[in-house]
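A.B. asks: Just so it is clear, I am handing over input_3.pdb, which has PDB, C-alpha atoms and all ligand atoms.
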ATOM      1  CA  MET A1206      14.488 136.931  62.975
ATOM      2  CA  LEU A1207      12.223 136.074  65.872
ATOM      3  CA  SER A1208      10.850 138.791  68.128
ATOM      4  CA  GLU A1209       8.389 138.968  71.015
ATOM      5  CA  ILE A1210       5.723 141.485  71.988
ATOM      6  CA  LEU A1211       6.667 143.416  75.140
ATOM      7  CA  GLU A1212       3.787 145.901  75.362
ATOM      8  CA  VAL A1213       0.612 146.803  73.474
ATOM      9  CA  LYS A1214      -0.617 150.350  74.061
ATOM     10  CA  PRO A1215      -3.556 152.313  72.643
ATOM     11  CA  GLU A1216      -1.984 155.677  71.721
ATOM     12  CA  THR A1217      -5.180 157.358  70.479
ATOM     13  CA  PRO A1218      -8.721 156.123  69.722
ATOM     14  CA  SER A1219      -7.489 154.783  66.352
ATOM     15  CA  VAL A1220      -3.765 154.043  66.777
ATOM     16  CA  THR A1221      -2.084 151.272  68.766
ATOM     17  CA  SER A1222       1.647 150.889  69.401
ATOM     18  CA  PHE A1223       3.493 147.590  69.789
ATOM     19  CA  LYS A1224       6.777 147.402  71.656
ATOM     20  CA  TYR A1225       8.778 144.295  70.758
ATOM     21  CA  THR A1226      12.163 142.777  71.521
ATOM     22  CA  LYS A1227      15.194 143.929  69.555
ATOM     23  CA  PRO A1228      16.888 140.812  68.126
ATOM     24  CA  ALA A1229      20.602 140.416  68.891
ATOM     25  CA  ASN A1230      22.857 142.411  66.536
ATOM     26  CA  PHE A1231      19.861 144.258  65.052
ATOM     27  CA  SER A1232      20.920 147.792  64.184
ATOM     28  CA  TYR A1233      19.123 150.434  62.161
ATOM     29  CA  SER A1234      19.061 154.108  61.287
ATOM     30  CA  PRO A1235      16.252 156.400  62.466
ATOM     31  CA  GLY A1236      13.536 156.341  59.798
ATOM     32  CA  GLN A1237      13.943 152.749  58.608
ATOM     33  CA  PHE A1238      11.248 150.064  58.640
ATOM     34  CA  THR A1239      10.854 146.340  59.268
ATOM     35  CA  ASN A1240       8.599 143.767  57.628
ATOM     36  CA  ILE A1241       6.436 142.025  60.218
ATOM     37  CA  GLU A1242       5.059 138.548  59.595
ATOM     38  CA  LEU A1243       2.169 137.353  61.752
ATOM     39  CA  ASP A1244       1.007 133.790  62.168
ATOM     40  CA  ILE A1245      -2.363 133.852  60.378
ATOM     41  CA  ALA A1246      -3.911 130.609  59.138
ATOM     42  CA  ASP A1247      -4.769 130.173  55.410
ATOM     43  CA  CYS A1248      -2.951 133.284  54.314
ATOM     44  CA  ASP A1249      -1.508 134.134  50.944
ATOM     45  CA  GLU A1250       1.896 135.821  50.610
ATOM     46  CA  ARG A1251       0.461 139.336  51.136
ATOM     47  CA  CYS A1252      -2.060 138.635  53.880
ATOM     48  CA  ASN A1253       0.280 137.999  56.806
ATOM     49  CA  LYS A1254       3.100 140.501  56.119
ATOM     50  CA  ARG A1255       3.209 144.279  56.381
ATOM     51  CA  ASN A1256       5.911 146.921  56.400
ATOM     52  CA  PHE A1257       5.996 149.130  59.476
ATOM     53  CA  SER A1258       8.343 152.009  60.163
ATOM     54  CA  LEU A1259      10.199 151.841  63.431
ATOM     55  CA  VAL A1260       8.771 154.343  65.914
ATOM     56  CA  SER A1261      11.578 153.597  68.350
ATOM     57  CA  SER A1262      14.970 155.281  68.285
ATOM     58  CA  PRO A1263      18.121 153.219  67.633
ATOM     59  CA  THR A1264      19.133 154.328  71.134
ATOM     60  CA  ASP A1265      16.222 152.348  72.670
ATOM     61  CA  ASP A1266      16.791 148.766  73.789
ATOM     62  CA  TYR A1267      13.470 147.695  72.216
ATOM     63  CA  LEU A1268      11.733 148.127  68.846
ATOM     64  CA  MET A1269       8.295 149.657  68.304
ATOM     65  CA  PHE A1270       5.772 149.927  65.496
ATOM     66  CA  ALA A1271       2.412 151.657  65.531
ATOM     67  CA  THR A1272      -0.566 151.255  63.285
ATOM     68  CA  ARG A1273      -4.138 152.296  62.688
ATOM     69  CA  VAL A1274      -6.952 149.920  63.440
ATOM     70  CA  GLY A1275      -8.193 148.376  60.191
ATOM     71  CA  ALA A1276     -10.468 145.770  58.658
ATOM     72  CA  SER A1277      -7.862 143.570  56.965
ATOM     73  CA  ARG A1278      -7.059 140.151  58.435
ATOM     74  CA  PHE A1279      -3.596 141.398  59.282
ATOM     75  CA  LYS A1280      -4.954 144.384  61.219
ATOM     76  CA  GLN A1281      -7.597 142.266  62.937
ATOM     77  CA  THR A1282      -4.806 139.928  64.063
ATOM     78  CA  THR A1283      -2.749 142.800  65.490
ATOM     79  CA  GLU A1284      -5.773 143.528  67.704
ATOM     80  CA  THR A1285      -5.282 140.111  69.342
ATOM     81  CA  LEU A1286      -1.539 140.465  70.046
ATOM     82  CA  THR A1287      -0.515 140.373  73.689
ATOM     83  CA  ASN A1288       2.727 140.337  75.674
ATOM     84  CA  GLY A1289       4.824 137.261  74.963
ATOM     85  CA  ASN A1290       3.401 136.586  71.475
ATOM     86  CA  GLN A1291       6.183 135.794  69.019
ATOM     87  CA  PHE A1292       6.476 136.710  65.339
ATOM     88  CA  HIS A1293       9.066 136.922  62.576
ATOM     89  CA  LEU A1294      10.493 140.108  61.173
ATOM     90  CA  THR A1295      12.962 141.062  58.462
ATOM     91  CA  GLY A1296      14.887 144.272  58.014
ATOM     92  CA  PRO A1297      15.834 146.937  58.588
ATOM     93  CA  PHE A1298      14.982 148.413  55.196
ATOM     94  CA  GLY A1299      14.709 151.852  53.645
ATOM     95  CA  ARG A1300      16.585 154.973  52.703
ATOM     96  CA  PHE A1301      14.249 157.452  54.429
ATOM     97  CA  ILE A1302      16.769 158.254  57.136
ATOM     98  CA  LEU A1303      17.852 161.295  59.088
ATOM     99  CA  ASN A1304      20.766 163.295  57.716
ATOM    100  CA  GLU A1305      22.673 164.005  60.928
ATOM    101  CA  ASP A1306      24.555 166.978  59.454
ATOM    102  CA  GLU A1307      23.668 169.703  61.943
ATOM    103  CA  ARG A1308      24.329 172.471  59.390
ATOM    104  CA  VAL A1309      21.245 171.394  57.427
ATOM    105  CA  GLY A1310      17.854 172.186  58.981
ATOM    106  CA  ALA A1311      15.172 169.527  58.700
ATOM    107  CA  VAL A1312      11.527 170.275  57.973
ATOM    108  CA  MET A1313       9.272 167.301  58.668
ATOM    109  CA  LEU A1314       5.776 167.283  57.195
ATOM    110  CA  SER A1315       3.511 164.502  58.287
ATOM    111  CA  GLY A1316      -0.071 163.326  58.285
ATOM    112  CA  GLY A1317      -1.621 160.883  60.756
ATOM    113  CA  ILE A1318       0.201 157.578  61.110
ATOM    114  CA  GLY A1319       3.006 158.953  58.893
ATOM    115  CA  ILE A1320       4.594 160.298  62.071
ATOM    116  CA  THR A1321       6.160 156.904  62.868
ATOM    117  CA  PRO A1322       9.596 157.205  61.138
ATOM    118  CA  LEU A1323       9.764 160.920  61.993
ATOM    119  CA  HIS A1324       9.150 160.116  65.653
ATOM    120  CA  SER A1325      12.183 157.812  65.503
ATOM    121  CA  MET A1326      14.329 160.573  63.985
ATOM    122  CA  ILE A1327      13.164 163.225  66.475
ATOM    123  CA  LYS A1328      13.584 160.948  69.490
ATOM    124  CA  TYR A1329      17.063 159.986  68.273
ATOM    125  CA  ALA A1330      18.123 163.631  67.675
ATOM    126  CA  THR A1331      16.823 164.579  71.132
ATOM    127  CA  TYR A1332      18.549 161.679  72.892
ATOM    128  CA  LYS A1333      21.833 162.349  71.067
ATOM    129  CA  GLN A1334      21.460 166.103  71.699
ATOM    130  CA  LEU A1335      22.159 166.798  68.043
ATOM    131  CA  PRO A1336      22.318 170.574  67.512
ATOM    132  CA  LYS A1337      20.271 170.127  64.354
ATOM    133  CA  PRO A1338      17.283 172.408  63.723
ATOM    134  CA  ILE A1339      14.168 170.293  63.198
ATOM    135  CA  THR A1340      10.683 171.694  62.583
ATOM    136  CA  LEU A1341       7.694 169.374  62.434
ATOM    137  CA  ILE A1342       4.331 170.313  60.953
ATOM    138  CA  TYR A1343       1.952 167.524  61.822
ATOM    139  CA  SER A1344      -1.515 167.357  60.304
ATOM    140  CA  ASN A1345      -4.350 165.240  61.686
ATOM    141  CA  SER A1346      -8.065 165.211  61.052
ATOM    142  CA  THR A1347      -9.194 165.408  64.674
ATOM    143  CA  ALA A1348      -7.699 166.924  67.807
ATOM    144  CA  ASP A1349      -8.198 163.824  69.972
ATOM    145  CA  ASP A1350      -6.405 161.574  67.478
ATOM    146  CA  ILE A1351      -2.864 162.943  67.213
ATOM    147  CA  PRO A1352      -0.548 159.956  67.705
ATOM    148  CA  PHE A1353       2.518 160.569  69.926
ATOM    149  CA  LYS A1354       1.604 164.229  70.610
ATOM    150  CA  LYS A1355       2.560 163.907  74.278
ATOM    151  CA  ASP A1356       5.985 162.465  73.397
ATOM    152  CA  LEU A1357       6.597 165.068  70.701
ATOM    153  CA  ASP A1358       5.705 167.896  73.102
ATOM    154  CA  GLU A1359       8.156 166.416  75.599
ATOM    155  CA  TYR A1360      10.957 166.281  73.005
ATOM    156  CA  ALA A1361      10.224 169.942  72.222
ATOM    157  CA  THR A1362      10.802 170.846  75.877
ATOM    158  CA  GLN A1363      13.989 168.744  76.098
ATOM    159  CA  ASN A1364      15.451 169.722  72.724
ATOM    160  CA  LYS A1365      15.771 173.455  72.039
ATOM    161  CA  HIS A1366      16.527 172.684  68.379
ATOM    162  CA  PHE A1367      13.156 170.976  67.840
ATOM    163  CA  GLN A1368       9.786 172.649  67.288
ATOM    164  CA  ALA A1369       6.451 170.867  66.890
ATOM    165  CA  HIS A1370       3.446 172.483  65.182
ATOM    166  CA  TYR A1371       0.095 170.775  64.830
ATOM    167  CA  THR A1372      -2.778 171.406  62.482
ATOM    168  CA  VAL A1373      -6.264 169.892  62.569
ATOM    169  CA  THR A1374      -8.329 169.574  59.390
ATOM    170  CA  ASN A1375     -11.777 168.547  60.631
ATOM    171  CA  THR A1376     -13.678 171.797  61.107
ATOM    172  CA  ALA A1377     -16.097 170.124  63.553
ATOM    173  CA  ASP A1378     -13.160 170.129  65.997
ATOM    174  CA  THR A1379     -12.453 173.822  65.667
ATOM    175  CA  PRO A1380     -14.530 176.725  67.041
ATOM    176  CA  PRO A1381     -17.414 177.483  67.045
ATOM    177  CA  SER A1382     -18.373 173.791  67.315
ATOM    178  CA  GLY A1383     -15.118 172.290  68.690
ATOM    179  CA  GLY A1384     -12.487 173.148  71.287
ATOM    180  CA  TRP A1385      -9.256 172.974  69.248
ATOM    181  CA  THR A1386      -7.820 176.478  69.241
ATOM    182  CA  GLY A1387      -4.550 175.620  67.511
ATOM    183  CA  ARG A1388      -3.670 175.801  63.846
ATOM    184  CA  LYS A1389      -6.278 174.454  61.430
ATOM    185  CA  GLY A1390      -6.467 173.344  57.815
ATOM    186  CA  ARG A1391      -4.155 171.345  55.593
ATOM    187  CA  ILE A1392      -0.431 171.994  55.334
ATOM    188  CA  ASP A1393      -0.007 174.615  52.612
ATOM    189  CA  GLU A1394       2.507 177.111  51.261
ATOM    190  CA  THR A1395       1.455 179.893  53.644
ATOM    191  CA  MET A1396       1.871 177.636  56.667
ATOM    192  CA  ILE A1397       5.335 176.474  55.557
ATOM    193  CA  GLN A1398       6.537 180.007  54.782
ATOM    194  CA  GLU A1399       5.204 181.363  58.063
ATOM    195  CA  LEU A1400       6.693 178.617  60.259
ATOM    196  CA  ILE A1401      10.005 178.095  58.429
ATOM    197  CA  PRO A1402      11.205 181.385  56.937
ATOM    198  CA  ASN A1403      14.448 179.711  55.737
ATOM    199  CA  TRP A1404      12.645 176.702  54.179
ATOM    200  CA  GLN A1405      14.563 177.084  50.917
ATOM    201  CA  ILE A1406      17.831 175.955  52.518
ATOM    202  CA  CYS A1407      16.306 173.101  54.542
ATOM    203  CA  GLU A1408      15.858 169.428  53.756
ATOM    204  CA  PHE A1409      12.272 168.182  53.753
ATOM    205  CA  TYR A1410      11.077 164.825  55.093
ATOM    206  CA  VAL A1411       7.522 163.995  54.030
ATOM    207  CA  CYS A1412       5.683 160.943  55.304
ATOM    208  CA  GLY A1413       2.085 159.800  55.405
ATOM    209  CA  PRO A1414      -0.687 158.152  53.428
ATOM    210  CA  ALA A1415      -0.042 158.028  49.653
ATOM    211  CA  GLN A1416      -2.405 160.847  48.622
ATOM    212  CA  MET A1417      -1.001 163.245  51.207
ATOM    213  CA  VAL A1418       2.626 162.561  50.260
ATOM    214  CA  ILE A1419       1.888 163.022  46.551
ATOM    215  CA  GLU A1420       0.081 166.338  47.185
ATOM    216  CA  ILE A1421       2.770 167.737  49.489
ATOM    217  CA  LYS A1422       5.588 166.777  47.121
ATOM    218  CA  LYS A1423       3.731 168.582  44.320
ATOM    219  CA  LEU A1424       3.294 171.627  46.570
ATOM    220  CA  LEU A1425       7.006 171.733  47.481
ATOM    221  CA  VAL A1426       8.123 171.361  43.877
ATOM    222  CA  ASN A1427       5.722 174.168  42.865
ATOM    223  CA  MET A1428       7.196 176.325  45.649
ATOM    224  CA  GLY A1429      10.560 175.855  43.933
ATOM    225  CA  LEU A1430      12.201 173.412  46.353
ATOM    226  CA  ASP A1431      15.182 171.619  44.874
ATOM    227  CA  VAL A1432      14.073 167.953  44.567
ATOM    228  CA  GLU A1433      17.414 166.845  45.959
ATOM    229  CA  LYS A1434      16.298 168.368  49.263
ATOM    230  CA  LEU A1435      13.147 166.278  49.345
ATOM    231  CA  LYS A1436      12.952 162.864  51.030
ATOM    232  CA  SER A1437       9.677 161.003  51.294
ATOM    233  CA  GLU A1438       8.154 157.762  52.525
ATOM    234  CA  LEU A1439       4.782 156.776  51.226
ATOM    235  CA  PHE A1440       2.546 154.459  53.250
ATOM    236  CA  THR A1441       0.620 152.248  50.846
ATOM    237  CA  GLY A1442      -2.702 150.743  51.950
ATOM    238  CA  TYR A1443      -4.296 153.942  53.336
TER
HETATM  239  C1  LIG B1501       7.890 151.754  53.986
HETATM  240  C2  LIG B1501       6.513 151.620  54.618
HETATM  241  C3  LIG B1501       6.348 151.907  55.961
HETATM  242  C4  LIG B1501       5.076 151.789  56.532
HETATM  243  N1  LIG B1501       4.927 152.090  57.848
HETATM  244  C5  LIG B1501       3.716 152.024  58.409
HETATM  245  C6  LIG B1501       3.524 152.368  59.781
HETATM  246  O1  LIG B1501       4.446 152.755  60.492
HETATM  247  N2  LIG B1501       2.275 152.245  60.290
HETATM  248  C7  LIG B1501       1.210 151.827  59.516
HETATM  249  O2  LIG B1501       0.095 151.744  60.029
HETATM  250  N3  LIG B1501       1.353 151.528  58.229
HETATM  251  C8  LIG B1501       2.579 151.601  57.659
HETATM  252  N4  LIG B1501       2.731 151.266  56.346
HETATM  253  C9  LIG B1501       1.558 150.761  55.595
HETATM  254  C10 LIG B1501       1.324 149.276  55.972
HETATM  255  O3  LIG B1501       2.357 148.478  55.468
HETATM  256  C11 LIG B1501      -0.025 148.783  55.427
HETATM  257  O4  LIG B1501      -0.019 148.791  54.049
HETATM  258  C12 LIG B1501      -1.171 149.632  55.937
HETATM  259  O5  LIG B1501      -1.117 149.662  57.358
HETATM  260  C13 LIG B1501      -2.504 149.089  55.490
HETATM  261  O6  LIG B1501      -2.603 147.733  55.856
HETATM  262  P1  LIG B1501      -4.018 147.035  56.027
HETATM  263  O7  LIG B1501      -3.720 145.633  56.389
HETATM  264  O8  LIG B1501      -4.878 147.842  56.937
HETATM  265  O9  LIG B1501      -4.682 147.207  54.636
HETATM  266  P2  LIG B1501      -4.421 146.350  53.299
HETATM  267  O10 LIG B1501      -4.627 144.881  53.481
HETATM  268  O11 LIG B1501      -3.141 146.777  52.736
HETATM  269  O12 LIG B1501      -5.661 146.823  52.473
HETATM  270  C14 LIG B1501      -5.738 148.089  51.837
HETATM  271  C15 LIG B1501      -7.109 148.662  52.094
HETATM  272  O13 LIG B1501      -8.150 147.697  51.967
HETATM  273  C16 LIG B1501      -8.955 147.654  53.147
HETATM  274  N5  LIG B1501      -9.272 146.257  53.511
HETATM  275  C17 LIG B1501      -8.405 145.212  53.546
HETATM  276  N6  LIG B1501      -9.038 144.083  53.939
HETATM  277  C18 LIG B1501     -10.337 144.411  54.162
HETATM  278  C19 LIG B1501     -11.488 143.701  54.567
HETATM  279  N7  LIG B1501     -11.455 142.386  54.830
HETATM  280  N8  LIG B1501     -12.663 144.364  54.678
HETATM  281  C20 LIG B1501     -12.727 145.671  54.421
HETATM  282  N9  LIG B1501     -11.666 146.426  54.007
HETATM  283  C21 LIG B1501     -10.490 145.797  53.886
HETATM  284  C22 LIG B1501      -8.112 148.267  54.261
HETATM  285  O14 LIG B1501      -8.919 148.927  55.230
HETATM  286  C23 LIG B1501      -7.247 149.240  53.483
HETATM  287  O15 LIG B1501      -7.855 150.506  53.399
HETATM  288  C24 LIG B1501       3.976 151.365  55.743
HETATM  289  C25 LIG B1501       4.152 151.071  54.391
HETATM  290  C26 LIG B1501       5.403 151.186  53.837
HETATM  291  C27 LIG B1501       5.562 150.866  52.379
END
What would you get if you wrote out this structure as structure tokens?

C.D. replies:
Amino acid sequence: MLSEILEVKPETPSVTSFKYTKPANFSYSPGQFTNIELDIADCDERCNKRNFSLVSSPTDDYLMFATRVGASRFKQTTETLTNGNQFHLTGPFGRFILNEDERVGAVMLSGGIGITPLHSMIKYATYKQLPKPITLIYSNSTADDIPFKKDLDEYATQNKHFQAHYTVTNTADTPPSGGWTGRKGRIDETMIQELIPNWQICEFYVCGPAQMVIEIKKLLVNMGLDVEKLKSELFTGY
């Protein structure tokens, strides 16, 4: 399928979002991803294609992906994309999708760029006014680099069933040296138990860089969470 860039936007110092046209008859569930193929000369099979979760909600009339700046040829090429550039995509793919059953609370645990499919789910639930309890705990290393924080805070004001909690892990950003006065440190058992007292009956959605997803899954299993209540998407390459 052919698509076209509609808007390129720096979201934070290290993350850029790309809005692109939604091909005719393209439909997807919140949380799914597409494979993007860029026109890069002298590329092998891997060099010019990457999977990116859809940041947009199925209710939007456009698609969006977001990514971190990087050194690979693919990432360097994304830096040159501008409005009107065309590229091929395939998809949608993936089973990391929102269970819309409002009787089941969702706990979303994310690190950094792993917010992308969760953003789609939260935006969709907010737009559809789903009476589904959703709690996000979103971990980032620095306070000035929390992708989509403004949007997430807005969803939290529009959607009384959604709560967003942030934690920052770089101690240079927290007092006495830094100005971040919110939650700090990595997502751990104490944080989950404090923020979601009924966590045992919720479904968990975990997404982020590979190491983070592996560690959080281990933590949840050790806490005694039923693995059937655990959905995860692991971003390779970080
Ligand atoms: C289902 C799924 C959904 C995903 N969704 C997203 C998403 O929404 N957003 C997102 O950003 N990513 C997402 N990813 C990951 C994405 O597909 C890429 O793998 C990731 O962005 C890394 O790509 P890269 O081109 O930077 O690194 P890769 O080419 O994959 O290289 C891996 C590592 O090598 C380093 N490297 C590569 N080339 C060079 C070079 N020339 N010099 C120095 N270092 C180099 C890179 O910095 C990187 O750390 C997803 C992955 C999956 C499987």

A.B. asks: List all protein, DNA and RNA residues that have an atom no more than 10 Å from any atom of ligand LIG 1501 (chain B), counting only C-alpha atoms and all ligand atoms, and report them as a PyMOL selection string.

C.D. replies: chain A and resi 1220-1222+1236-1241+1251-1260+1269-1283+1298-1301+1317-1323+1412-1415+1437-1443

A.B. asks: Just say which residues the PyMOL selection byres (((chain A and resi 1378-1392) around 12) and not hetatm) picks in this file, as a ChimeraX atom specification.

C.D. replies: /A:1313-1317,1341-1350,1369-1377,1393-1400,1411,1417-1418,1420-1422,1424-1425

A.B. asks: Mind pulling up the distance from atom CA of Pro1215 of chain A to atom CA of Asn1288 of chain A?

C.D. replies: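 Result for atom CA of Asn1288 of chain A versus atom CA of Pro1215 of chain A: 13.9 Å, one decimal.
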
A.B. asks: What does the PyMOL selection byres (((chain A and resi 1223-1232) around 8) and not hetatm) select in this file, as a list of chain:residue names?

C.D. replies: A:Met1206, A:Leu1207, A:Ser1208, A:Glu1209, A:Ile1210, A:Leu1211, A:Glu1212, A:Val1213, A:Lys1214, A:Thr1221, A:Ser1222, A:Tyr1233, A:Ser1234, A:Pro1263, A:Asp1266, A:Tyr1267, A:Leu1268, A:Met1269, A:Phe1270, A:Ala1271, A:Pro1297

A.B. asks: Atoms to include: C-alpha atoms. Write the selected residues as a CSV table (one decimal), in the coordinates of the input.

C.D. replies:
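Okay, this is what ended up in out_0.csv:
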chain,number,residue,atom,x,y,z
A,1206,MET,CA,14.5,136.9,63.0
A,1207,LEU,CA,12.2,136.1,65.9
A,1208,SER,CA,10.8,138.8,68.1
A,1209,GLU,CA,8.4,139.0,71.0
A,1210,ILE,CA,5.7,141.5,72.0
A,1211,LEU,CA,6.7,143.4,75.1
A,1212,GLU,CA,3.8,145.9,75.4
A,1213,VAL,CA,0.6,146.8,73.5
A,1214,LYS,CA,-0.6,150.4,74.1
A,1221,THR,CA,-2.1,151.3,68.8
A,1222,SER,CA,1.6,150.9,69.4
A,1233,TYR,CA,19.1,150.4,62.2
A,1234,SER,CA,19.1,154.1,61.3
A,1263,PRO,CA,18.1,153.2,67.6
A,1266,ASP,CA,16.8,148.8,73.8
A,1267,TYR,CA,13.5,147.7,72.2
A,1268,LEU,CA,11.7,148.1,68.8
A,1269,MET,CA,8.3,149.7,68.3
A,1270,PHE,CA,5.8,149.9,65.5
A,1271,ALA,CA,2.4,151.7,65.5
A,1297,PRO,CA,15.8,146.9,58.6

A.B. asks: For the atom pair atom CA of His1324 of chain A and atom CA of Leu1357 of chain A, what is the interatomic distance in Å to one decimal place?

C.D. replies: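 Answer for the atom CA of His1324 of chain A to atom CA of Leu1357 of chain A separation: 7.5 Å.
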
A.B. asks: Could you tell me how far atom CA of Ser1325 of chain A lies from atom CA of Asp1356 of chain A, in Å and to one decimal?

C.D. replies: 11.1 Å

A.B. asks: Using all atoms listed in the file, can you tell me which of A:Glu1284, A:Glu1359, A:Glu1305, A:Glu1408 comes closest to Met1326 of chain A?

C.D. replies: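 When distances to Met1326 of chain A are compared using all atoms listed in the file, the smallest one comes from A:Glu1305.
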
A.B. asks: Rank nothing, just name the residue among A:Leu1294, A:Ala1246, A:Leu1435, A:Leu1303 nearest to Ser1262 of chain A, using only C-alpha atoms.

C.D. replies: A:Leu1303

A.B. asks: Find the residue from A:Val1432, A:Ile1406, A:Val1309, A:Ala1361 that sits nearest to Gln1334 of chain A; use all atoms listed in the file when measuring.

C.D. replies: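 Among the listed residues, the smallest separation from Gln1334 of chain A belongs to A:Ala1361.
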
A.B. asks: Hey, which of A:Leu1430, A:Ile1351, A:Leu1243, A:Val1312 ends up closest to Leu1286 of chain A? Count only C-alpha atoms.

C.D. replies: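 For Leu1286 of chain A, the nearest of the candidates is A:Leu1243.
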
A.B. asks: Since the input has fewer atoms than a full residue there, write segment 1216-1229 of chain A out with N, CA, C and O atoms, as an mmCIF file, keeping the file's coordinate frame.

C.D. replies:
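So the final result, stored in part-v2.cif, reads:
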data_model
loop_
_atom_site.group_PDB
_atom_site.id
_atom_site.type_symbol
_atom_site.label_atom_id
_atom_site.label_comp_id
_atom_site.auth_asym_id
_atom_site.auth_seq_id
_atom_site.Cartn_x
_atom_site.Cartn_y
_atom_site.Cartn_z
ATOM 1 N N GLU A 1216 -2.581 154.327 71.674
ATOM 2 C CA GLU A 1216 -1.984 155.677 71.721
ATOM 3 C C GLU A 1216 -3.052 156.749 71.586
ATOM 4 O O GLU A 1216 -2.977 157.805 72.206
ATOM 5 N N THR A 1217 -4.031 156.462 70.707
ATOM 6 C CA THR A 1217 -5.180 157.358 70.479
ATOM 7 C C THR A 1217 -6.370 156.442 70.205
ATOM 8 O O THR A 1217 -6.206 155.225 70.133
ATOM 9 N N PRO A 1218 -7.583 157.002 70.007
ATOM 10 C CA PRO A 1218 -8.721 156.123 69.722
ATOM 11 C C PRO A 1218 -8.492 155.228 68.498
ATOM 12 O O PRO A 1218 -9.087 154.152 68.403
ATOM 13 N N SER A 1219 -7.629 155.610 67.566
ATOM 14 C CA SER A 1219 -7.489 154.783 66.352
ATOM 15 C C SER A 1219 -6.089 154.213 66.124
ATOM 16 O O SER A 1219 -5.870 153.526 65.132
ATOM 17 N N VAL A 1220 -5.151 154.506 67.003
ATOM 18 C CA VAL A 1220 -3.765 154.043 66.777
ATOM 19 C C VAL A 1220 -3.259 153.266 67.993
ATOM 20 O O VAL A 1220 -3.424 153.700 69.134
ATOM 21 N N THR A 1221 -2.669 152.109 67.705
ATOM 22 C CA THR A 1221 -2.084 151.272 68.766
ATOM 23 C C THR A 1221 -0.594 151.115 68.497
ATOM 24 O O THR A 1221 -0.188 150.976 67.340
ATOM 25 N N SER A 1222 0.206 151.135 69.568
ATOM 26 C CA SER A 1222 1.647 150.889 69.401
ATOM 27 C C SER A 1222 1.994 149.522 69.974
ATOM 28 O O SER A 1222 1.341 149.036 70.904
ATOM 29 N N PHE A 1223 3.030 148.922 69.387
ATOM 30 C CA PHE A 1223 3.493 147.590 69.789
ATOM 31 C C PHE A 1223 4.988 147.663 70.041
ATOM 32 O O PHE A 1223 5.768 147.932 69.119
ATOM 33 N N LYS A 1224 5.363 147.445 71.294
ATOM 34 C CA LYS A 1224 6.777 147.402 71.656
ATOM 35 C C LYS A 1224 7.208 145.948 71.536
ATOM 36 O O LYS A 1224 6.488 145.054 72.005
ATOM 37 N N TYR A 1225 8.341 145.691 70.907
ATOM 38 C CA TYR A 1225 8.778 144.295 70.758
ATOM 39 C C TYR A 1225 10.282 144.189 70.943
ATOM 40 O O TYR A 1225 11.004 145.193 70.852
ATOM 41 N N THR A 1226 10.748 142.960 71.194
ATOM 42 C CA THR A 1226 12.163 142.777 71.521
ATOM 43 C C THR A 1226 13.038 143.067 70.305
ATOM 44 O O THR A 1226 12.658 142.805 69.168
ATOM 45 N N LYS A 1227 14.221 143.613 70.602
ATOM 46 C CA LYS A 1227 15.194 143.929 69.555
ATOM 47 C C LYS A 1227 16.104 142.699 69.414
ATOM 48 O O LYS A 1227 16.817 142.362 70.372
ATOM 49 N N PRO A 1228 16.046 142.011 68.252
ATOM 50 C CA PRO A 1228 16.888 140.812 68.126
ATOM 51 C C PRO A 1228 18.372 141.156 68.280
ATOM 52 O O PRO A 1228 18.785 142.297 68.011
ATOM 53 N N ALA A 1229 19.161 140.181 68.697
ATOM 54 C CA ALA A 1229 20.602 140.416 68.891
ATOM 55 C C ALA A 1229 21.219 140.900 67.584
ATOM 56 O O ALA A 1229 20.853 140.428 66.501
#
